[in-house]
Structure formats: structure tokens, C-alpha cells
Amino acid sequence: LNAMSKREFLRTAAAAAMAPYIKLPQNKKTTGHQILDIEAPLHNGKTPQKAYDRLDEFIKRVGKELKNYPEKYHKSPKHMLTNIHRCIKMEGYTNIESQDFFSVGLITKRKDCDVGSMLFISAAQVYGFPIRAVMMPGHLFVTWGDTLDICWETTTSFSKAMETKESQLRSYRQSTNLLRSKTYMRALSNDELLSYYHANVANKIINEEERLPLADEYSKKSIELGPNMIQSHMVRLNVMHRHYKKDIAHRPELITTYKKALALDQASVDPQTRGLHHNLAIVLTYRIAWSNAKKIDFEEMKTRAQAAPMKDEFVEAKKHMKASSPISKDGWQEMFIIAGVLGDTTGARQAIRHLRGVNMGEFKFWVAS
């Protein structure tokens with residue numbers, strides 16, 4: 001067992017085995033089948049039938065192999081997780097670092113952590129095992145029950161698959177601060193897992209200009225399904241920056257989305273939260289080059305920012321840039337601009353000490369025409 005003593009395993013296995021077993025009703029779709037439906041717009045309106053067939057074949061394989069286990073082992077997290085893991089191997093799936101979509105992973109039998117986790121979840125729903133998905137930055141794995149007493153890595157060998165939540169964090173060099181996150185390192189509900197997948201799809205097609213409207217819809221649905229999923233808000237922000245960059249009228253919605261995301265991580269345990277603070281400060285200070293906005297220089301902005309609401313936005317931007325600590329070179333340049341606009345001589349002097357040798361050029365701002 002990876003990084004687990006025998007005593008630790010027996011303790012966690014006993015606790016995890018208490019999780020309730022609930023089989024999915026026959027008229028309900030597994031999460032995997034729902035995801036294949038979700039992908040239909042990516043395949044001109046219809047996900048290839050081969051993907052559904054591959055998922056059904058895998059689930060049947062799990063049921064067939066389950067018959068080889070005496071009934072008493074059906075309550076054993078280790079045996080049941082191992083059975084599903086073995087079935088993935090028996091069906092010929094191989095690991096790759098990243099897969100575009102679940103359907104592609106099924107058809108090609110090449111899986112990343114997302115595809116592997118969805119296979120586990122789908123089989124578990126059919127046979128009533130309390131297996132749930134867990135997210136950490138850039139990774140997805142599964143757990144037995146909702147306590148994270150037993151974590152299971154879907155993209156490795158049997159000997160390294162079982163982890164505690166602490167050893168799982170160590171394996172991916174993540175801070176234990178993530179255990180305080182509202183999104184990461186906890187068992188996801190089905191809606192939250194679907195939210196995660198909608199966000200992933202949006203993120204993967206975000207750079208395709210003709211698919212931006214589709215990415216927009218996926219990102220909206222992601223937040224609808226998982227309003228407390230910070231990852232969904234981050235993807236939504238990426239989509240908005242690209243899809244809405246032509247119209248400054250979307251600026252208030254962009255600011256609101258940033259604030260909702262930051263409210264989900266007030267303790268800043270997510271490593272990406274610093275970047276959210278930095279980017280929100282840029283939006284608040286009118287430094288985004290919206291296509292239909294009026295470009296103004298530093299002196300005009302300084303005049304405009306003498307009164308509310310612009311002055312209040314620059315004051316708020318200063319707080320967010322400080323919250324992005326440690327502040328980057330770009331951040332200190334923005335702090336210098338903010339201090340200059342607000343007439344804060346002390347703040348400008350502090351910022352300039354961090355900008356020796358930096359050619360700052362002209363400062364421009366984009367406001368509504």
C-alpha cells in the first residue's frame with residue numbers, strides 16, 4: 001500500500017466500509033452516460049454510439065468479475081476498488097497524460113485521470129458502491145465514501161493506487177491547506193462532477209474561435225450545476241475574457257464573476273487565487289483593451305478618478321493587488337499606476353523601488369465611449 005501502514009489501512013478501510021450502498025435505478029443514466037450526452041454538441045449533435053457501447057461493455061465486465069468475489073468482499077473498499085481497476089486493465093485501457101474528451105477516451109481506450117475516474121464512478125453507480133470523485137488543482141481521483149479515508153488513484157498500478165488524503169496531496173506536491181478548500185479535496189456530488197466536466201470541456205475548446213459561443217454555454221452551465229466550484233468560475237472568467245472582449249458592456253458581469261470566485265476562497269488556499277486578485281485589479285482600473293472602448297491617457301484617467309465611482313474602483317483595485325502577494329513585477333507596475341491615479345505619493349515610491357530597470361512606457365486606459 002502506497003505510504004500506508006497496515007494499521008492505518010485497517011482503520012481507514014473499516015471507516016470507509018460504513019458508507020451506504022445505493023444502486024442507481026435502472027431508468028437512470030450513470031454519470032458517464034450523462035457526460036456522453038453532454039458532449040453531443042462537440043460531435044455535430046450526436047456522440048458516437050461506439051463511446052456508449054464501450055462504456056456499457058466496461059460496466060458489464062465489472063459485473064462479471066464481481067461474481068468472482070464472495071459476498072463478504074462486496075463490502076470491502078479495497079477489493080471492490082481493485083476489481084474496477086482490474087477491469088479497466090482487462091478492457092485494454094492505457095494511460096496518457098491528458099485526453100480531450102471522455103468519448104474519445106472510451107473509443108481509443110486511452111485514458112487520463114478524468115476518463116479513469118468517470119469509469120470508476122459509472123460502474124460504482126450501477127453496482128451500488130459508494131465511490132465518489134475528488135478534485136485537486138489539475139487532477140481528479142476517486143474515494144470510497146465521502147470522508148476521504150481511502151483515496152484511489154485511477155492512473156497508476158494497483159500497488160500505488162491506494163492513498164490517504166495526506167499522502168495523495170504529497171504525491172502531487174500540494175499543500176494540506178487544500179483540505180480547507182470549499183471545492184478541492186472533498187467528495188463531489190453528481191451535479192458538481194457534471195459541473196467539473198462542463199468546465200473542462202469549455203476550457204478545452206476556449207481557443208477555437210468558432211467554438212467560443214459553445215464554450216460560453218458550457219461555462220454558464222458549469223456554474224449553474226456547481227455554484228460553489230471555484231474552478232467553474234475560473235473557467236467562466238477565461239471564456240468571458242475571450243468571448244466578451246469586444247464589448248465593454250460586459251465589464252460589470254466580469255467584475256461580479258471575479259468577486260464570486262474570490263468569495264469561495266477567502267482564505268486563499270487555492271494556488272490560483274492570487275492570480276484572480278491580480279486580474280480583478282486590472283479590470284477595476286480600466287486596463288483591459290475592450291474593442292469598442294475609448295482609449296484615454298494617464299492624465300485624463302487621473303482627472304476622472306477624482307470622484308466616485310472610479311475613485312472607489314481604484315481604491316478597491318489596490319486592495320486586490322496587495323492580496324496577490326507576493327506581487328509580481330507586473331503587479332508592482334500596476335500598483336505604481338494606481339498610486340499615481342490616486343495621488344498616493346508614498347505608494348508610488350514603494351512601488352518604484354520594485355521596478356528598477358523596468359521600462360514602463362505609456363499608461364493607457366479603456367473606458368466606455
# chains A, B, ... in the order shown; residues from 1 in each chain; ligands from 1
>>> residues_around(residues="Ala249 of chain A", least_positions_apart="2", cutoff="10 Å", atoms="only C-alpha atoms", output="list of chain:residue names")
A:Tyr244, A:Lys245, A:Lys246, A:Asp247, A:Arg251, A:Pro252, A:Glu253, A:Leu254, A:Trp290, A:Asn292, A:Ala293, A:Ala368
>>> select_by_dssp(residues="segment 88-134 of chain A", states="alpha helix (DSSP H)", output="number ranges by chain")
A: 88-90, 102-108, 113-127
>>> write_last_selection(atoms="N, CA and C atoms", output="PDB file, in the first residue's frame")
ATOM      1  N   ILE A  88     -10.599  -2.189 -15.798  1.00  0.00           N
ATOM      2  CA  ILE A  88     -10.084  -1.164 -16.723  1.00  0.00           C
ATOM      3  C   ILE A  88      -8.874  -1.708 -17.471  1.00  0.00           C
ATOM      4  N   LYS A  89      -7.996  -2.397 -16.731  1.00  0.00           N
ATOM      5  CA  LYS A  89      -6.813  -3.004 -17.361  1.00  0.00           C
ATOM      6  C   LYS A  89      -7.227  -4.108 -18.332  1.00  0.00           C
ATOM      7  N   MET A  90      -8.182  -4.941 -17.906  1.00  0.00           N
ATOM      8  CA  MET A  90      -8.616  -6.069 -18.735  1.00  0.00           C
ATOM      9  C   MET A  90      -9.283  -5.610 -20.026  1.00  0.00           C
ATOM     10  N   PHE A 102     -14.172  12.586 -22.791  1.00  0.00           N
ATOM     11  CA  PHE A 102     -14.497  11.251 -22.283  1.00  0.00           C
ATOM     12  C   PHE A 102     -14.805  10.293 -23.430  1.00  0.00           C
ATOM     13  N   SER A 103     -15.571  10.760 -24.413  1.00  0.00           N
ATOM     14  CA  SER A 103     -15.934   9.898 -25.546  1.00  0.00           C
ATOM     15  C   SER A 103     -14.695   9.439 -26.307  1.00  0.00           C
ATOM     16  N   VAL A 104     -13.748  10.326 -26.485  1.00  0.00           N
ATOM     17  CA  VAL A 104     -12.506   9.979 -27.199  1.00  0.00           C
ATOM     18  C   VAL A 104     -11.722   8.957 -26.395  1.00  0.00           C
ATOM     19  N   GLY A 105     -11.709   9.133 -25.066  1.00  0.00           N
ATOM     20  CA  GLY A 105     -11.009   8.173 -24.214  1.00  0.00           C
ATOM     21  C   GLY A 105     -11.605   6.792 -24.304  1.00  0.00           C
ATOM     22  N   LEU A 106     -12.945   6.715 -24.378  1.00  0.00           N
ATOM     23  CA  LEU A 106     -13.606   5.421 -24.492  1.00  0.00           C
ATOM     24  C   LEU A 106     -13.337   4.771 -25.846  1.00  0.00           C
ATOM     25  N   ILE A 107     -13.435   5.547 -26.899  1.00  0.00           N
ATOM     26  CA  ILE A 107     -13.275   4.997 -28.252  1.00  0.00           C
ATOM     27  C   ILE A 107     -11.838   4.537 -28.492  1.00  0.00           C
ATOM     28  N   THR A 108     -10.870   5.330 -28.023  1.00  0.00           N
ATOM     29  CA  THR A 108      -9.459   4.993 -28.245  1.00  0.00           C
ATOM     30  C   THR A 108      -8.884   4.109 -27.146  1.00  0.00           C
ATOM     31  N   CYS A 113      -6.737  11.010 -16.003  1.00  0.00           N
ATOM     32  CA  CYS A 113      -7.398  10.894 -14.700  1.00  0.00           C
ATOM     33  C   CYS A 113      -8.896  11.129 -14.793  1.00  0.00           C
ATOM     34  N   ASP A 114      -9.331  12.007 -15.699  1.00  0.00           N
ATOM     35  CA  ASP A 114     -10.774  12.264 -15.845  1.00  0.00           C
ATOM     36  C   ASP A 114     -11.498  11.028 -16.370  1.00  0.00           C
ATOM     37  N   VAL A 115     -10.980  10.451 -17.439  1.00  0.00           N
ATOM     38  CA  VAL A 115     -11.616   9.264 -18.027  1.00  0.00           C
ATOM     39  C   VAL A 115     -11.609   8.121 -17.026  1.00  0.00           C
ATOM     40  N   GLY A 116     -10.466   7.901 -16.365  1.00  0.00           N
ATOM     41  CA  GLY A 116     -10.370   6.828 -15.378  1.00  0.00           C
ATOM     42  C   GLY A 116     -11.362   7.006 -14.246  1.00  0.00           C
ATOM     43  N   SER A 117     -11.474   8.214 -13.737  1.00  0.00           N
ATOM     44  CA  SER A 117     -12.401   8.480 -12.623  1.00  0.00           C
ATOM     45  C   SER A 117     -13.845   8.283 -13.052  1.00  0.00           C
ATOM     46  N   MET A 118     -14.185   8.728 -14.277  1.00  0.00           N
ATOM     47  CA  MET A 118     -15.558   8.566 -14.753  1.00  0.00           C
ATOM     48  C   MET A 118     -15.916   7.087 -14.932  1.00  0.00           C
ATOM     49  N   LEU A 119     -14.948   6.254 -15.323  1.00  0.00           N
ATOM     50  CA  LEU A 119     -15.194   4.816 -15.423  1.00  0.00           C
ATOM     51  C   LEU A 119     -15.498   4.235 -14.047  1.00  0.00           C
ATOM     52  N   PHE A 120     -14.700   4.620 -13.053  1.00  0.00           N
ATOM     53  CA  PHE A 120     -14.935   4.156 -11.686  1.00  0.00           C
ATOM     54  C   PHE A 120     -16.326   4.569 -11.206  1.00  0.00           C
ATOM     55  N   ILE A 121     -16.656   5.847 -11.381  1.00  0.00           N
ATOM     56  CA  ILE A 121     -17.927   6.381 -10.884  1.00  0.00           C
ATOM     57  C   ILE A 121     -19.110   5.694 -11.560  1.00  0.00           C
ATOM     58  N   SER A 122     -19.023   5.514 -12.870  1.00  0.00           N
ATOM     59  CA  SER A 122     -20.141   4.919 -13.612  1.00  0.00           C
ATOM     60  C   SER A 122     -20.407   3.486 -13.168  1.00  0.00           C
ATOM     61  N   ALA A 123     -19.349   2.691 -13.033  1.00  0.00           N
ATOM     62  CA  ALA A 123     -19.518   1.309 -12.574  1.00  0.00           C
ATOM     63  C   ALA A 123     -20.033   1.281 -11.144  1.00  0.00           C
ATOM     64  N   ALA A 124     -19.527   2.148 -10.315  1.00  0.00           N
ATOM     65  CA  ALA A 124     -19.947   2.193  -8.910  1.00  0.00           C
ATOM     66  C   ALA A 124     -21.430   2.522  -8.787  1.00  0.00           C
ATOM     67  N   GLN A 125     -21.922   3.411  -9.634  1.00  0.00           N
ATOM     68  CA  GLN A 125     -23.342   3.775  -9.576  1.00  0.00           C
ATOM     69  C   GLN A 125     -24.234   2.596  -9.939  1.00  0.00           C
ATOM     70  N   VAL A 126     -23.820   1.806 -10.920  1.00  0.00           N
ATOM     71  CA  VAL A 126     -24.637   0.658 -11.350  1.00  0.00           C
ATOM     72  C   VAL A 126     -24.681  -0.426 -10.271  1.00  0.00           C
ATOM     73  N   TYR A 127     -23.533  -0.679  -9.605  1.00  0.00           N
ATOM     74  CA  TYR A 127     -23.471  -1.776  -8.639  1.00  0.00           C
ATOM     75  C   TYR A 127     -23.592  -1.314  -7.189  1.00  0.00           C
TER      76      TYR A 127
END
>>> atom_distance(atom1="atom CA of Thr30 of chain A", atom2="atom CA of Ile131 of chain A")
12.7 Å
>>> residues_around(residues="Phe365 of chain A", least_positions_apart="5", cutoff="10 Å", atoms="only C-alpha atoms", output="VMD selection string")
chain A and resid 285 to 290 293 to 298 300 to 301
>>> closest_atom_pairs(of="segment 149-229 of chain A", to="segment 42-56 of chain A", cutoff="10 Å", atoms="only C-alpha atoms", output="tab-separated table")
residue	atom	partner	partner_atom	distance
A:Val201	CA	A:Leu42	CA	9.1
A:Ile205	CA	A:Leu42	CA	9.3
A:Arg211	CA	A:Leu42	CA	9.0
A:Leu214	CA	A:Leu42	CA	8.7
>>> write_last_selection(atoms="C-alpha atoms", output="CSV table (one decimal), in the first residue's frame")
chain,number,residue,atom,x,y,z
A,201,VAL,CA,-15.0,21.0,-22.0
A,205,ILE,CA,-12.4,24.5,-26.7
A,211,ARG,CA,-16.5,27.3,-30.7
A,214,LEU,CA,-20.3,26.8,-27.3
>>> closest_atom_pairs(of="segment 142-217 of chain A", to="segment 74-83 of chain A", cutoff="12 Å", atoms="only C-alpha atoms", output="CSV")
residue,atom,partner,partner_atom,distance
A:Val142,CA,A:Leu81,CA,9.5
A:Thr143,CA,A:Leu81,CA,9.2
A:Trp144,CA,A:Pro77,CA,6.6
A:Gly145,CA,A:Pro77,CA,9.2
A:Leu148,CA,A:Pro77,CA,11.9
A:Asp149,CA,A:Pro77,CA,10.4
A:Ile150,CA,A:Pro77,CA,8.1
A:Cys151,CA,A:Leu81,CA,10.0
A:Trp152,CA,A:Leu81,CA,7.7
A:Glu153,CA,A:Leu81,CA,10.0
A:Thr154,CA,A:Leu81,CA,9.6
A:Thr156,CA,A:Thr82,CA,11.7
A:Ser157,CA,A:Thr82,CA,10.1
A:Phe158,CA,A:Thr82,CA,7.1
A:Ser159,CA,A:Thr82,CA,10.0
A:Lys160,CA,A:Thr82,CA,11.3
A:Ala161,CA,A:Thr82,CA,8.8
A:Met162,CA,A:Lys78,CA,8.1
A:Glu163,CA,A:Lys78,CA,11.0
>>> residues_around(residues="segment 232-241 of chain A", least_positions_apart="4", cutoff="8 Å", atoms="only C-alpha atoms", output="JSON, numbers by chain")
{"A": [195, 196, 199, 200, 202, 203, 206, 212, 215, 216, 219, 220, 222, 223, 226, 227, 245, 254, 257, 258, 260, 261]}
>>> residues_around(residues="Gln350 of chain A", least_positions_apart="4", cutoff="10 Å", atoms="only C-alpha atoms", output="PyMOL selection string")
chain A and resi 332+335-336+339+345-346+354-355
>>> write_last_selection(atoms="C-alpha atoms", output="PDB file, in the first residue's frame")
ATOM      1  CA  TRP A 332       4.133  46.459  -8.925  1.00  0.00           C
ATOM      2  CA  MET A 335       0.477  49.437  -8.081  1.00  0.00           C
ATOM      3  CA  PHE A 336       2.561  52.369  -9.331  1.00  0.00           C
ATOM      4  CA  ALA A 339      -0.885  55.165  -6.681  1.00  0.00           C
ATOM      5  CA  THR A 345       2.989  59.621  -3.330  1.00  0.00           C
ATOM      6  CA  THR A 346       4.049  57.143  -0.649  1.00  0.00           C
ATOM      7  CA  HIS A 354      10.469  47.213  -7.116  1.00  0.00           C
ATOM      8  CA  LEU A 355      10.683  48.496 -10.688  1.00  0.00           C
TER       9      LEU A 355
END
>>> residues_around(residues="segment 318-328 of chain A", least_positions_apart="3", cutoff="9 Å", atoms="only C-alpha atoms", output="MDAnalysis selection string")
chainID A and resid 273:282 313:315 331:335 338:339
>>> write_last_selection(atoms="N, CA, C and O atoms", output="CSV table (one decimal), in the first residue's frame")
chain,number,residue,atom,x,y,z
A,273,THR,N,-5.7,31.6,-6.6
A,273,THR,CA,-6.5,32.8,-6.1
A,273,THR,C,-5.7,34.1,-6.2
A,273,THR,O,-6.2,35.1,-6.5
A,274,ARG,N,-4.4,34.0,-6.0
A,274,ARG,CA,-3.5,35.2,-6.2
A,274,ARG,C,-3.7,35.8,-7.6
A,274,ARG,O,-3.8,37.0,-7.7
A,275,GLY,N,-3.8,35.0,-8.6
A,275,GLY,CA,-4.0,35.4,-9.9
A,275,GLY,C,-5.3,36.1,-10.1
A,275,GLY,O,-5.4,37.1,-10.9
A,276,LEU,N,-6.3,35.6,-9.4
A,276,LEU,CA,-7.7,36.2,-9.5
A,276,LEU,C,-7.6,37.6,-9.0
A,276,LEU,O,-8.2,38.5,-9.6
A,277,HIS,N,-7.0,37.8,-7.8
A,277,HIS,CA,-6.9,39.1,-7.2
A,277,HIS,C,-6.1,40.1,-8.2
A,277,HIS,O,-6.6,41.2,-8.4
A,278,HIS,N,-5.0,39.6,-8.8
A,278,HIS,CA,-4.3,40.4,-9.7
A,278,HIS,C,-5.1,40.9,-10.9
A,278,HIS,O,-5.2,42.0,-11.3
A,279,ASN,N,-5.8,39.9,-11.5
A,279,ASN,CA,-6.6,40.2,-12.7
A,279,ASN,C,-7.8,41.0,-12.5
A,279,ASN,O,-8.2,41.9,-13.3
A,280,LEU,N,-8.4,40.9,-11.3
A,280,LEU,CA,-9.5,41.7,-10.9
A,280,LEU,C,-9.1,43.2,-10.8
A,280,LEU,O,-9.8,44.1,-11.2
A,281,ALA,N,-7.9,43.4,-10.2
A,281,ALA,CA,-7.4,44.7,-10.1
A,281,ALA,C,-7.2,45.4,-11.5
A,281,ALA,O,-7.5,46.6,-11.7
A,282,ILE,N,-6.7,44.6,-12.5
A,282,ILE,CA,-6.6,45.1,-13.8
A,282,ILE,C,-7.9,45.5,-14.4
A,282,ILE,O,-8.0,46.6,-15.1
A,313,GLU,N,-13.2,52.4,-7.4
A,313,GLU,CA,-12.7,51.2,-8.1
A,313,GLU,C,-11.2,51.1,-8.0
A,313,GLU,O,-10.6,50.0,-7.8
A,314,PHE,N,-10.5,52.2,-8.1
A,314,PHE,CA,-9.0,52.2,-7.9
A,314,PHE,C,-8.6,51.9,-6.5
A,314,PHE,O,-7.6,51.2,-6.3
A,315,VAL,N,-9.4,52.4,-5.5
A,315,VAL,CA,-9.1,52.0,-4.1
A,315,VAL,C,-9.2,50.5,-3.9
A,315,VAL,O,-8.4,49.8,-3.3
A,331,GLY,N,2.6,43.3,-11.3
A,331,GLY,CA,1.8,43.8,-10.3
A,331,GLY,C,2.3,45.1,-9.7
A,331,GLY,O,1.5,46.0,-9.4
A,332,TRP,N,3.6,45.2,-9.5
A,332,TRP,CA,4.1,46.5,-8.9
A,332,TRP,C,4.0,47.6,-9.9
A,332,TRP,O,3.8,48.8,-9.5
A,333,GLN,N,4.0,47.3,-11.2
A,333,GLN,CA,3.8,48.4,-12.2
A,333,GLN,C,2.4,48.9,-12.1
A,333,GLN,O,2.1,50.1,-12.1
A,334,GLU,N,1.4,48.0,-11.9
A,334,GLU,CA,0.0,48.4,-11.7
A,334,GLU,C,-0.2,49.1,-10.4
A,334,GLU,O,-1.0,50.1,-10.3
A,335,MET,N,0.5,48.7,-9.4
A,335,MET,CA,0.5,49.4,-8.1
A,335,MET,C,1.0,50.9,-8.2
A,335,MET,O,0.4,51.8,-7.6
A,338,ILE,N,-1.8,52.8,-10.0
A,338,ILE,CA,-2.9,53.0,-9.1
A,338,ILE,C,-2.6,54.2,-8.1
A,338,ILE,O,-3.3,55.1,-7.9
A,339,ALA,N,-1.3,54.1,-7.6
A,339,ALA,CA,-0.9,55.2,-6.7
A,339,ALA,C,-0.8,56.5,-7.4
A,339,ALA,O,-1.2,57.5,-6.8
>>> atom_distance(atom1="atom CA of Tyr197 of chain A", atom2="atom CA of Asp270 of chain A")
19.1 Å
>>> atom_distance(atom1="atom CA of Glu57 of chain A", atom2="atom CA of Cys87 of chain A")
10.4 Å
